[in-house]
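The structure under discussion appears below in the form of structure tokens.
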Amino acid sequence: MNDLENCFNRGLLRPVEPSKEKGELSIKQAREWLEEAKRNLENEAYRSAQISTYLALFHSARAILFRDGIREKS
């Protein structure tokens, strides 16, 4: 069994109807988090910049999953 199958079997991922709209909303959130990360970095709030960057990456990945008809449930 590969890692992807394992994630589905454990319920961490589940199939859903592909959604361009949800994907676009996640991209919008990713952009907002990235802008916040930039502001945090400029203000030398490094931990906050790191967390904001993580959230930008998370929402970017989530957009791809929505496009492909997968929902994360971790």
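By order of appearance in the structure tokens: chains A, B, ..., then residues from 1 within every chain, and ligands from 1 in the order shown.
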
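Look at segment 57-63 of chain A: the protein and nucleic acid residues within 6 Å of it, using only C-alpha atoms and passing over chain neighbours fewer than 5 places away, are Gly23, Ser26, Ile27 and Ala30 of chain A.
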
Atoms kept (N, CA, C and O atoms) for selection, written as a compact mmCIF listing (two decimals), in the first residue's frame:
```
# COMPACT_ATOMS: atom_id res chain seq x y z
N GLY A 23 -11.30 25.89 -4.51
CA GLY A 23 -9.89 26.06 -4.82
C GLY A 23 -9.51 27.52 -4.91
O GLY A 23 -8.48 27.94 -4.38
N SER A 26 -9.32 29.05 -1.49
CA SER A 26 -8.08 28.68 -0.80
C SER A 26 -6.89 29.47 -1.34
O SER A 26 -6.02 29.89 -0.57
N ILE A 27 -6.86 29.72 -2.64
CA ILE A 27 -5.79 30.54 -3.22
C ILE A 27 -5.88 31.97 -2.67
O ILE A 27 -4.86 32.57 -2.33
N ALA A 30 -4.48 31.88 0.72
CA ALA A 30 -3.03 31.73 0.64
C ALA A 30 -2.37 33.07 0.36
O ALA A 30 -1.35 33.41 0.99
```

According to DSSP computed on the backbone, where in chain A is there strand (DSSP E)? Give the residues as a PyMOL selection string. chain A and resi 13-15+70-72

For Lys73 of chain A, work out the shell of residues within 9 Å, counting only C-alpha atoms and skipping chain neighbours fewer than 6 positions away, then give it as a PyMOL selection string. chain A and resi 11-14

Applying 6 Å and only C-alpha atoms, which residues near Ser19 of chain A remain after dropping the ones on its own chain fewer than 3 positions away? List them as number ranges by chain. A: 22, 66-67

Using only C-alpha atoms, determine which residues lie at most 12 Å from segment 36-43 of chain A, disregarding the query and same-chain residues fewer than 6 positions distant; provide the list as a ChimeraX atom specification. /A:29-30,49-57

Only all heavy atoms, please: the residues just picked out, written as a short mmCIF file (atom, residue, chain, number, x, y, z; two decimals), in the first residue's frame.
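For reference, selection_7.cif as written:
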```
data_model
loop_
_atom_site.label_atom_id
_atom_site.label_comp_id
_atom_site.auth_asym_id
_atom_site.auth_seq_id
_atom_site.Cartn_x
_atom_site.Cartn_y
_atom_site.Cartn_z
N GLN A 29 -7.06 32.84 0.25
CA GLN A 29 -6.55 32.78 1.62
C GLN A 29 -5.03 32.66 1.63
O GLN A 29 -4.36 33.28 2.47
CB GLN A 29 -7.17 31.61 2.37
CG GLN A 29 -8.62 31.84 2.72
CD GLN A 29 -9.22 30.68 3.50
OE1 GLN A 29 -8.89 29.52 3.23
NE2 GLN A 29 -10.07 30.99 4.44
N ALA A 30 -4.48 31.88 0.72
CA ALA A 30 -3.03 31.73 0.64
C ALA A 30 -2.37 33.07 0.36
O ALA A 30 -1.35 33.41 0.99
CB ALA A 30 -2.66 30.72 -0.44
N ALA A 49 5.91 35.38 11.09
CA ALA A 49 6.17 35.24 9.65
C ALA A 49 6.24 33.77 9.27
O ALA A 49 5.71 33.36 8.23
CB ALA A 49 7.46 35.95 9.28
N GLN A 50 6.86 32.98 10.13
CA GLN A 50 6.98 31.54 9.85
C GLN A 50 5.60 30.87 9.84
O GLN A 50 5.28 30.09 8.95
CB GLN A 50 7.87 30.90 10.90
CG GLN A 50 8.16 29.45 10.66
CD GLN A 50 9.10 28.89 11.72
OE1 GLN A 50 9.08 29.32 12.87
NE2 GLN A 50 9.90 27.93 11.33
N ILE A 51 4.77 31.19 10.81
CA ILE A 51 3.43 30.61 10.89
C ILE A 51 2.58 31.06 9.70
O ILE A 51 1.87 30.26 9.09
CB ILE A 51 2.77 30.96 12.23
CG1 ILE A 51 3.49 30.25 13.36
CG2 ILE A 51 1.28 30.62 12.22
CD1 ILE A 51 3.14 30.76 14.74
N SER A 52 2.66 32.33 9.37
CA SER A 52 1.89 32.85 8.23
C SER A 52 2.33 32.20 6.93
O SER A 52 1.50 31.90 6.07
CB SER A 52 2.04 34.37 8.14
OG SER A 52 1.56 35.00 9.31
N THR A 53 3.62 31.97 6.78
CA THR A 53 4.14 31.30 5.59
C THR A 53 3.62 29.87 5.51
O THR A 53 3.20 29.39 4.45
CB THR A 53 5.68 31.31 5.59
OG1 THR A 53 6.12 32.67 5.62
CG2 THR A 53 6.23 30.61 4.36
N TYR A 54 3.63 29.17 6.65
CA TYR A 54 3.09 27.81 6.69
C TYR A 54 1.63 27.80 6.24
O TYR A 54 1.23 26.95 5.44
CB TYR A 54 3.21 27.22 8.10
CG TYR A 54 2.37 25.98 8.25
CD1 TYR A 54 2.83 24.75 7.78
CD2 TYR A 54 1.09 26.04 8.80
CE1 TYR A 54 2.04 23.61 7.87
CE2 TYR A 54 0.30 24.91 8.89
CZ TYR A 54 0.76 23.70 8.43
OH TYR A 54 -0.02 22.59 8.51
N LEU A 55 0.84 28.74 6.74
CA LEU A 55 -0.57 28.78 6.38
C LEU A 55 -0.76 29.10 4.90
O LEU A 55 -1.67 28.57 4.25
CB LEU A 55 -1.32 29.77 7.26
CG LEU A 55 -1.52 29.26 8.70
CD1 LEU A 55 -1.98 30.40 9.61
CD2 LEU A 55 -2.50 28.12 8.74
N ALA A 56 0.10 29.93 4.34
CA ALA A 56 0.03 30.21 2.90
C ALA A 56 0.29 28.93 2.10
O ALA A 56 -0.43 28.63 1.13
CB ALA A 56 1.04 31.30 2.52
N LEU A 57 1.29 28.17 2.52
CA LEU A 57 1.59 26.90 1.84
C LEU A 57 0.47 25.90 2.02
O LEU A 57 0.09 25.19 1.08
CB LEU A 57 2.90 26.33 2.36
CG LEU A 57 4.16 27.11 1.99
CD1 LEU A 57 5.35 26.61 2.80
CD2 LEU A 57 4.42 27.01 0.51
#
```

What are the DSSP helix (DSSP H, G or I) residues of chain A, as a VMD selection string? chain A and resid 3 to 9 20 to 42 46 to 68

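Here the question is which of A:Trp33, A:Asn6, A:Met1, A:Gly69 gets nearest to Lys20 of chain A using only C-alpha atoms, and that residue is A:Gly69.
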
Please indicate the distance in Å from atom CA of Leu34 of chain A to atom CA of Ser48 of chain A, rounded to one decimal place. 11.3 Å
